[in-house]
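So this block is protein.tsv, TSV, C-alpha atoms:
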chain	number	residue	atom	x	y	z
A	36	MET	CA	14.86	21.59	9.73
A	37	ASN	CA	15.51	18.88	7.18
A	38	ASP	CA	13.23	19.21	4.12
A	39	ILE	CA	11.88	15.67	4.49
A	40	LEU	CA	11.03	16.21	8.16
A	41	ALA	CA	9.38	19.51	7.25
A	42	ALA	CA	7.18	17.75	4.67
A	43	ILE	CA	6.20	15.08	7.22
A	44	LEU	CA	5.26	17.63	9.87
A	45	ARG	CA	3.47	19.87	7.34
A	46	ARG	CA	1.31	17.08	5.87
A	47	ARG	CA	-2.37	17.32	6.78
A	48	ALA	CA	-5.49	15.50	5.65
A	49	VAL	CA	-6.92	18.18	3.34
A	50	LYS	CA	-10.70	18.21	3.03
A	51	THR	CA	-11.16	20.54	0.03
A	52	PHE	CA	-8.99	20.89	-3.08
A	53	GLU	CA	-8.57	23.40	-5.90
A	54	THR	CA	-9.16	22.28	-9.47
A	55	VAL	CA	-5.63	21.78	-10.80
A	56	GLU	CA	-4.07	19.39	-13.28
A	57	ILE	CA	-1.26	17.15	-12.05
A	58	PRO	CA	1.36	16.87	-14.83
A	59	PRO	CA	2.38	13.31	-15.84
A	60	ALA	CA	5.98	13.94	-14.76
A	61	LEU	CA	4.84	14.92	-11.26
A	62	ARG	CA	2.49	11.96	-11.10
A	63	GLU	CA	5.36	9.62	-12.01
A	64	GLN	CA	7.59	11.10	-9.29
A	65	ILE	CA	4.92	10.56	-6.64
A	66	LEU	CA	4.16	6.98	-7.69
A	67	ASN	CA	7.85	6.18	-8.04
A	68	ALA	CA	8.38	7.30	-4.44
A	69	ALA	CA	5.53	5.00	-3.37
A	70	ARG	CA	7.04	1.90	-4.97
A	71	HIS	CA	10.37	2.54	-3.24
A	72	ALA	CA	8.81	1.87	0.16
A	73	PRO	CA	10.13	-1.18	2.04
A	74	SER	CA	8.17	-4.41	1.84
A	75	SER	CA	8.52	-7.88	3.30
A	76	PHE	CA	11.18	-9.79	1.32
A	77	ASN	CA	10.79	-7.08	-1.37
A	78	THR	CA	7.56	-8.75	-2.49
A	79	GLN	CA	5.78	-5.40	-3.03
A	80	PRO	CA	2.32	-6.98	-2.54
A	81	TYR	CA	0.27	-3.99	-3.66
A	82	ARG	CA	-1.04	-2.09	-6.66
A	83	PHE	CA	-2.03	1.53	-7.16
A	84	PHE	CA	-4.85	2.81	-9.37
A	85	TRP	CA	-4.49	6.49	-10.26
A	86	VAL	CA	-7.97	7.72	-11.24
A	87	GLU	CA	-7.90	11.15	-12.89
A	88	SER	CA	-10.22	11.20	-15.92
A	89	PRO	CA	-13.30	13.30	-14.98
A	90	ASP	CA	-15.92	10.61	-15.56
A	91	ARG	CA	-14.03	7.83	-13.80
A	92	LYS	CA	-13.02	10.12	-10.93
A	93	ALA	CA	-16.63	11.20	-10.45
A	94	ALA	CA	-17.74	7.56	-10.39
A	95	ALA	CA	-15.00	6.64	-7.91
A	96	ALA	CA	-15.82	9.66	-5.72
A	97	LYS	CA	-19.43	8.48	-5.53
A	98	LEU	CA	-18.18	5.10	-4.32
A	99	CYS	CA	-16.14	6.96	-1.69
A	100	LEU	CA	-19.48	7.96	-0.18
A	101	GLY	CA	-19.40	11.35	-1.90
A	102	GLN	CA	-16.85	12.73	0.56
A	103	MET	CA	-15.68	16.28	-0.19
A	104	PRO	CA	-11.99	15.33	-0.57
A	105	ALA	CA	-12.94	12.69	-3.13
A	106	GLN	CA	-15.23	15.05	-5.06
A	107	THR	CA	-12.77	17.96	-5.27
A	108	ALA	CA	-9.42	16.14	-5.66
A	109	SER	CA	-7.47	16.27	-8.91
A	110	ALA	CA	-7.00	12.51	-8.71
A	111	LEU	CA	-7.88	9.56	-6.52
A	112	VAL	CA	-5.28	6.93	-5.76
A	113	VAL	CA	-6.69	3.56	-4.78
A	114	ALA	CA	-4.15	1.46	-2.87
A	115	VAL	CA	-4.80	-2.26	-3.17
A	116	ALA	CA	-3.23	-5.17	-1.27
A	117	ASP	CA	-2.38	-7.76	-3.94
A	118	VAL	CA	-1.56	-11.26	-2.73
A	119	GLY	CA	-1.82	-12.71	-6.24
A	120	SER	CA	1.27	-10.94	-7.56
A	121	LEU	CA	3.92	-12.74	-5.49
A	122	SER	CA	4.96	-15.32	-8.07
A	123	ALA	CA	5.18	-12.79	-10.92
A	124	THR	CA	7.11	-10.34	-8.72
A	125	SER	CA	9.67	-12.96	-7.67
A	126	GLN	CA	10.11	-14.02	-11.29
A	127	SER	CA	10.65	-10.41	-12.36
A	128	GLN	CA	13.26	-9.92	-9.64
A	129	LEU	CA	15.03	-13.11	-10.69
A	130	GLU	CA	15.21	-11.90	-14.30
A	131	TRP	CA	16.53	-8.55	-13.06
A	132	MET	CA	19.22	-10.31	-11.02
A	133	ARG	CA	20.29	-12.34	-14.05
A	134	GLY	CA	20.52	-9.19	-16.17
A	135	ASN	CA	22.59	-7.39	-13.53
A	136	GLY	CA	25.32	-9.99	-13.16
A	137	PHE	CA	24.39	-11.65	-9.87
A	138	SER	CA	26.36	-14.82	-9.18
A	139	ASP	CA	24.87	-18.27	-9.74
A	140	GLU	CA	24.99	-18.82	-5.98
A	141	LYS	CA	22.93	-15.67	-5.34
A	142	LEU	CA	20.44	-16.72	-8.03
A	143	ARG	CA	20.06	-20.19	-6.50
A	144	ASP	CA	19.61	-18.69	-3.02
A	145	TYR	CA	16.89	-16.37	-4.27
A	146	GLU	CA	15.13	-19.14	-6.20
A	147	ARG	CA	15.17	-21.35	-3.10
A	148	THR	CA	13.81	-18.55	-0.88
A	149	ALA	CA	11.06	-17.72	-3.40
A	150	LYS	CA	10.06	-21.39	-3.64
A	151	ILE	CA	9.85	-21.74	0.15
A	152	GLY	CA	7.79	-18.55	0.26
A	153	ARG	CA	5.32	-19.92	-2.31
A	154	ILE	CA	4.94	-23.15	-0.32
A	155	ILE	CA	4.34	-21.27	2.94
A	156	PHE	CA	1.90	-18.81	1.41
A	157	MET	CA	-0.22	-21.32	-0.51
A	158	PRO	CA	-3.45	-21.82	1.49
A	159	GLY	CA	-4.68	-24.62	-0.76
A	160	PRO	CA	-8.30	-25.48	-1.61
A	161	PHE	CA	-10.71	-24.25	1.05
A	162	GLY	CA	-7.69	-23.16	3.10
A	163	ILE	CA	-6.86	-26.77	4.04
A	164	PHE	CA	-3.09	-26.47	3.52
A	165	GLY	CA	-3.10	-23.15	5.38
A	166	ALA	CA	-4.86	-24.69	8.39
A	167	LEU	CA	-2.41	-27.60	8.43
A	168	LYS	CA	0.61	-25.30	8.22
A	169	TRP	CA	-0.83	-23.07	10.95
A	170	SER	CA	-1.15	-26.13	13.25
A	171	ILE	CA	2.43	-27.19	12.53
A	172	PHE	CA	3.87	-23.71	13.12
A	173	ARG	CA	1.79	-23.34	16.28
A	174	LEU	CA	3.07	-26.65	17.61
A	175	VAL	CA	6.70	-25.77	16.86
A	176	ASN	CA	6.18	-22.38	18.52
A	177	CYS	CA	5.44	-24.16	21.83
A	178	TRP	CA	9.16	-24.76	22.33
A	179	LYS	CA	10.87	-22.60	19.71
A	180	ILE	CA	10.88	-18.80	19.26
A	181	MET	CA	9.53	-18.03	15.80
A	182	GLY	CA	7.25	-15.72	13.89
A	183	MET	CA	3.92	-16.88	12.52
A	184	PRO	CA	3.90	-16.58	8.70
A	185	PRO	CA	0.69	-15.57	6.90
A	186	VAL	CA	-0.60	-19.01	5.92
A	187	SER	CA	-4.32	-18.18	5.57
A	188	ARG	CA	-5.98	-15.81	3.12
A	189	PRO	CA	-7.05	-13.29	5.82
A	190	SER	CA	-3.55	-13.24	7.34
A	191	GLN	CA	-2.06	-12.77	3.87
A	192	PHE	CA	-4.21	-9.70	3.29
A	193	LYS	CA	-3.23	-8.39	6.72
A	194	TRP	CA	0.43	-8.95	5.83
A	195	ALA	CA	0.08	-7.27	2.41
A	196	THR	CA	-1.81	-4.33	3.95
A	197	LYS	CA	1.23	-3.49	6.09
A	198	SER	CA	3.46	-3.12	3.02
A	199	ALA	CA	0.75	-1.24	1.12
A	200	SER	CA	0.39	1.22	4.01
A	201	LEU	CA	4.13	1.93	4.00
A	202	ALA	CA	3.90	2.68	0.28
A	203	CYS	CA	0.92	4.97	0.88
A	204	GLU	CA	2.89	6.98	3.43
A	205	ASN	CA	5.75	7.36	0.93
A	206	LEU	CA	3.23	8.57	-1.64
A	207	MET	CA	1.71	11.19	0.67
A	208	ILE	CA	5.06	12.54	1.87
A	209	ALA	CA	6.32	12.73	-1.72
A	210	ALA	CA	3.19	14.63	-2.77
A	211	GLU	CA	3.65	17.08	0.12
A	212	ALA	CA	7.33	17.59	-0.71
A	213	LEU	CA	6.40	18.30	-4.34
A	214	GLY	CA	3.82	20.95	-3.47
A	215	LEU	CA	0.64	18.88	-3.48
A	216	ASN	CA	-1.66	17.78	-0.67
A	217	THR	CA	-3.46	14.58	0.18
A	218	CYS	CA	-6.25	13.07	2.25
A	219	PRO	CA	-6.25	9.33	3.03
A	220	MET	CA	-9.76	7.89	3.23
A	221	GLU	CA	-11.12	4.64	4.61
A	222	GLY	CA	-14.74	5.50	3.83
A	223	PHE	CA	-15.70	3.72	0.62
A	224	ASP	CA	-17.93	0.95	-0.70
A	225	GLY	CA	-15.25	-1.73	-1.01
A	226	ARG	CA	-17.39	-4.21	-2.93
A	227	ARG	CA	-18.54	-1.76	-5.60
A	228	LEU	CA	-15.17	0.01	-5.85
A	229	SER	CA	-13.44	-3.35	-6.34
A	230	ARG	CA	-15.88	-4.17	-9.13
A	231	PHE	CA	-15.34	-0.71	-10.66
A	232	LEU	CA	-11.57	-1.38	-10.80
A	233	GLY	CA	-11.96	-4.96	-12.01
A	234	LEU	CA	-10.34	-6.47	-8.93
A	235	SER	CA	-10.43	-10.10	-7.86
A	236	ARG	CA	-11.89	-10.87	-4.42
A	237	ARG	CA	-9.45	-13.78	-4.20
A	238	HIS	CA	-6.31	-11.70	-4.72
A	239	HIS	CA	-7.16	-8.06	-3.99
A	240	GLU	CA	-8.35	-5.96	-1.10
A	241	ILE	CA	-8.59	-2.17	-1.07
A	242	VAL	CA	-6.50	-0.66	1.72
A	243	MET	CA	-7.36	3.02	1.34
A	244	VAL	CA	-8.20	5.72	-1.19
A	245	ILE	CA	-5.97	8.81	-1.25
A	246	ALA	CA	-7.38	12.07	-2.57
A	247	ILE	CA	-4.60	14.18	-4.07
A	248	GLY	CA	-4.51	17.72	-5.39
A	249	LYS	CA	-3.83	21.29	-4.29
A	250	LYS	CA	-5.38	22.52	-1.06
A	251	SER	CA	-8.20	25.00	-1.58
A	252	ARG	CA	-7.44	28.59	-0.60
A	253	SER	CA	-10.69	28.58	1.35
A	254	CYS	CA	-9.56	25.58	3.40
A	255	VAL	CA	-8.75	26.71	6.96
A	256	GLU	CA	-7.04	24.06	9.04
A	257	PRO	CA	-7.34	24.09	12.82
A	258	PRO	CA	-4.21	23.60	14.93
A	259	GLN	CA	-2.94	20.05	14.81
A	260	TRP	CA	-2.94	17.93	17.95
A	261	ARG	CA	-0.96	14.78	18.61
A	262	ARG	CA	-0.48	12.89	21.86
A	263	PRO	CA	2.77	13.80	23.62
A	264	LEU	CA	5.70	11.44	23.11
A	265	ASP	CA	5.56	10.05	26.63
A	266	ALA	CA	1.95	8.93	26.01
A	267	THR	CA	2.93	7.15	22.82
A	268	VAL	CA	6.49	5.91	23.26
A	269	THR	CA	7.98	3.54	25.82
A	270	ILE	CA	11.77	3.50	25.99
A	271	LEU	CA	13.16	0.33	27.58
Kindly present the structure from the file in structure tokens form.
Amino acid sequence: MNDILAAILRRRAVKTFETVEIPPALREQILNAARHAPSSFNTQPYRFFWVESPDRKAAAAKLCLGQMPAQTASALVVAVADVGSLSATSQSQLEWMRGNGFSDEKLRDYERTAKIGRIIFMPGPFGIFGALKWSIFRLVNCWKIMGMPPVSRPSQFKWATKSASLACENLMIAAEALGLNTCPMEGFDGRRLSRFLGLSRRHHEIVMVIAIGKKSRSCVEPPQWRRPLDATVTIL
């Protein structure tokens, strides 16, 4: 079996970890794999907080409701949907394109696309512009096939969460392939954890917390069950 497929099928949500140190080089490999996940228009609307210092990890674990994976992990990775980073990300990509010899036409195309994206995404004060754009898109959709862009703040967070989740899966598979184990967690006090990390309610929303470390030798995993393919997949 292919090594990547083996890592995917071997990955489990580990509940108890050994006390091990994750070397910086290994940490960088795992996080680098996460940022190479696909995202809508390459906007990468997410951030990761790697919490490993004992005092901060203990505080974060408490805000994860004291769950055993959070308490025993070597590090906690907080994945955050970030809708406030779009402008800075597009500007960074534009500078990268200039430095890598992209043609003026390509640069103009990207600048135009980024500008249109900013106009579409801007909800405006009290969401007024977003509501107006939603009404226009909805009206056009009555006779034209089109997707509904995320014009409101809640839909933007939903959109960003999709990309953040793809990056989280990359992170967990990379950790498994490199000999570590993970446990994704949705149980946490989002308000207090956001404050602990210094996040903005306007721009940030925590997607999940991933406990990462080395599975405890005492951890006995039951057989894994998944629905059969024919109960999950429809082939047309």
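Between A:Pro219 and the candidates A:Ala266, A:Val112, A:Ile245, A:Lys50, the tightest atom-to-atom separation, counting all atoms listed in the file, involves A:Ile245.
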So the first atom is atom CA of A:Arg47 and the second is atom CA of A:Arg227; what is the distance between them in Å, to one decimal place?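 Atom-to-atom, atom CA of A:Arg47 and atom CA of A:Arg227 are spaced 27.9 Å apart.
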Please identify all polymer residues within 10 Å of A:Glu87, counting only C-alpha atoms, omitting same-chain residues fewer than 6 positions from it, and present them as a PyMOL selection string. chain A and resi 56-57+93+95+108-112+247
Store the residues picked out above in a file with C-alpha atoms, as an mmCIF file, in the coordinates of the input.
data_model
loop_
_atom_site.group_PDB
_atom_site.id
_atom_site.type_symbol
_atom_site.label_atom_id
_atom_site.label_comp_id
_atom_site.auth_asym_id
_atom_site.auth_seq_id
_atom_site.Cartn_x
_atom_site.Cartn_y
_atom_site.Cartn_z
ATOM 1 C CA GLU A 56 -4.070 19.390 -13.280
ATOM 2 C CA ILE A 57 -1.260 17.150 -12.050
ATOM 3 C CA ALA A 93 -16.630 11.200 -10.450
ATOM 4 C CA ALA A 95 -15.000 6.640 -7.910
ATOM 5 C CA ALA A 108 -9.420 16.140 -5.660
ATOM 6 C CA SER A 109 -7.470 16.270 -8.910
ATOM 7 C CA ALA A 110 -7.000 12.510 -8.710
ATOM 8 C CA LEU A 111 -7.880 9.560 -6.520
ATOM 9 C CA VAL A 112 -5.280 6.930 -5.760
ATOM 10 C CA ILE A 247 -4.600 14.180 -4.070
#
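Distance-wise, atom CA of A:Leu100 and atom CA of A:Asn205 end up 25.3 Å apart.
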Provide the atom CA of A:Gln126 to atom CA of A:Met207 distance in Å, to one decimal place.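 Taking atom CA of A:Gln126 and atom CA of A:Met207, their separation equals 29.1 Å.
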Neighbouring residues of A:Gln128 were defined as those with any atom within 12 Å, considering only C-alpha atoms; residues of the same chain fewer than 6 positions away were excluded. Please report them as an mmCIF file with C-alpha atoms, keeping the file's coordinate frame.
data_model
loop_
_atom_site.group_PDB
_atom_site.id
_atom_site.type_symbol
_atom_site.label_atom_id
_atom_site.label_comp_id
_atom_site.auth_asym_id
_atom_site.auth_seq_id
_atom_site.Cartn_x
_atom_site.Cartn_y
_atom_site.Cartn_z
ATOM 1 C CA PHE A 76 11.180 -9.790 1.320
ATOM 2 C CA ASN A 77 10.790 -7.080 -1.370
ATOM 3 C CA THR A 78 7.560 -8.750 -2.490
ATOM 4 C CA GLN A 79 5.780 -5.400 -3.030
ATOM 5 C CA LEU A 121 3.920 -12.740 -5.490
ATOM 6 C CA SER A 122 4.960 -15.320 -8.070
ATOM 7 C CA GLY A 134 20.520 -9.190 -16.170
ATOM 8 C CA ASN A 135 22.590 -7.390 -13.530
ATOM 9 C CA PHE A 137 24.390 -11.650 -9.870
ATOM 10 C CA LEU A 142 20.440 -16.720 -8.030
ATOM 11 C CA TYR A 145 16.890 -16.370 -4.270
ATOM 12 C CA GLU A 146 15.130 -19.140 -6.200
ATOM 13 C CA ALA A 149 11.060 -17.720 -3.400
#
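Shortest separation to A:Thr51 among A:Cys254, A:Leu215, A:Ala202, A:Met183 occurs at residue A:Cys254, atoms counted being only C-alpha atoms.
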Give as an MDAnalysis selection string the set of residues within 12 Å of the point (2.9, -24.4, 12.3), where distances use the file's coordinates and all atoms listed in the file. chainID A and resid 155 164:187
Please list as a ChimeraX atom specification every residue within 12 Å of A:Asp90, counting only C-alpha atoms and excluding residues in the same chain fewer than 6 positions away. /A:96-97,106,110
Residue with smallest distance to A:Val244 - pool A:Pro104, A:Pro257, A:Gly119, A:Gly159, counting all atoms listed in the file: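 Among A:Pro104, A:Pro257, A:Gly119, A:Gly159, it is A:Pro104 that comes nearest to A:Val244.
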Neighbours of A:Ala195 within 8 Å (all atoms listed in the file; same-chain residues fewer than 3 positions away dropped), as a PyMOL selection string? chain A and resi 80-81+116-118+191-192+198-199
Which of these residues is nearest to A:Leu206, using only C-alpha atoms: A:Ala41, A:Ile151, A:Ala72, A:Val255? A:Ala72
Rank nothing, just name the residue among A:Leu129, A:Leu201, A:Lys141, A:Val86 nearest to A:Leu228, using only C-alpha atoms.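 The closest residue to A:Leu228 is A:Val86.
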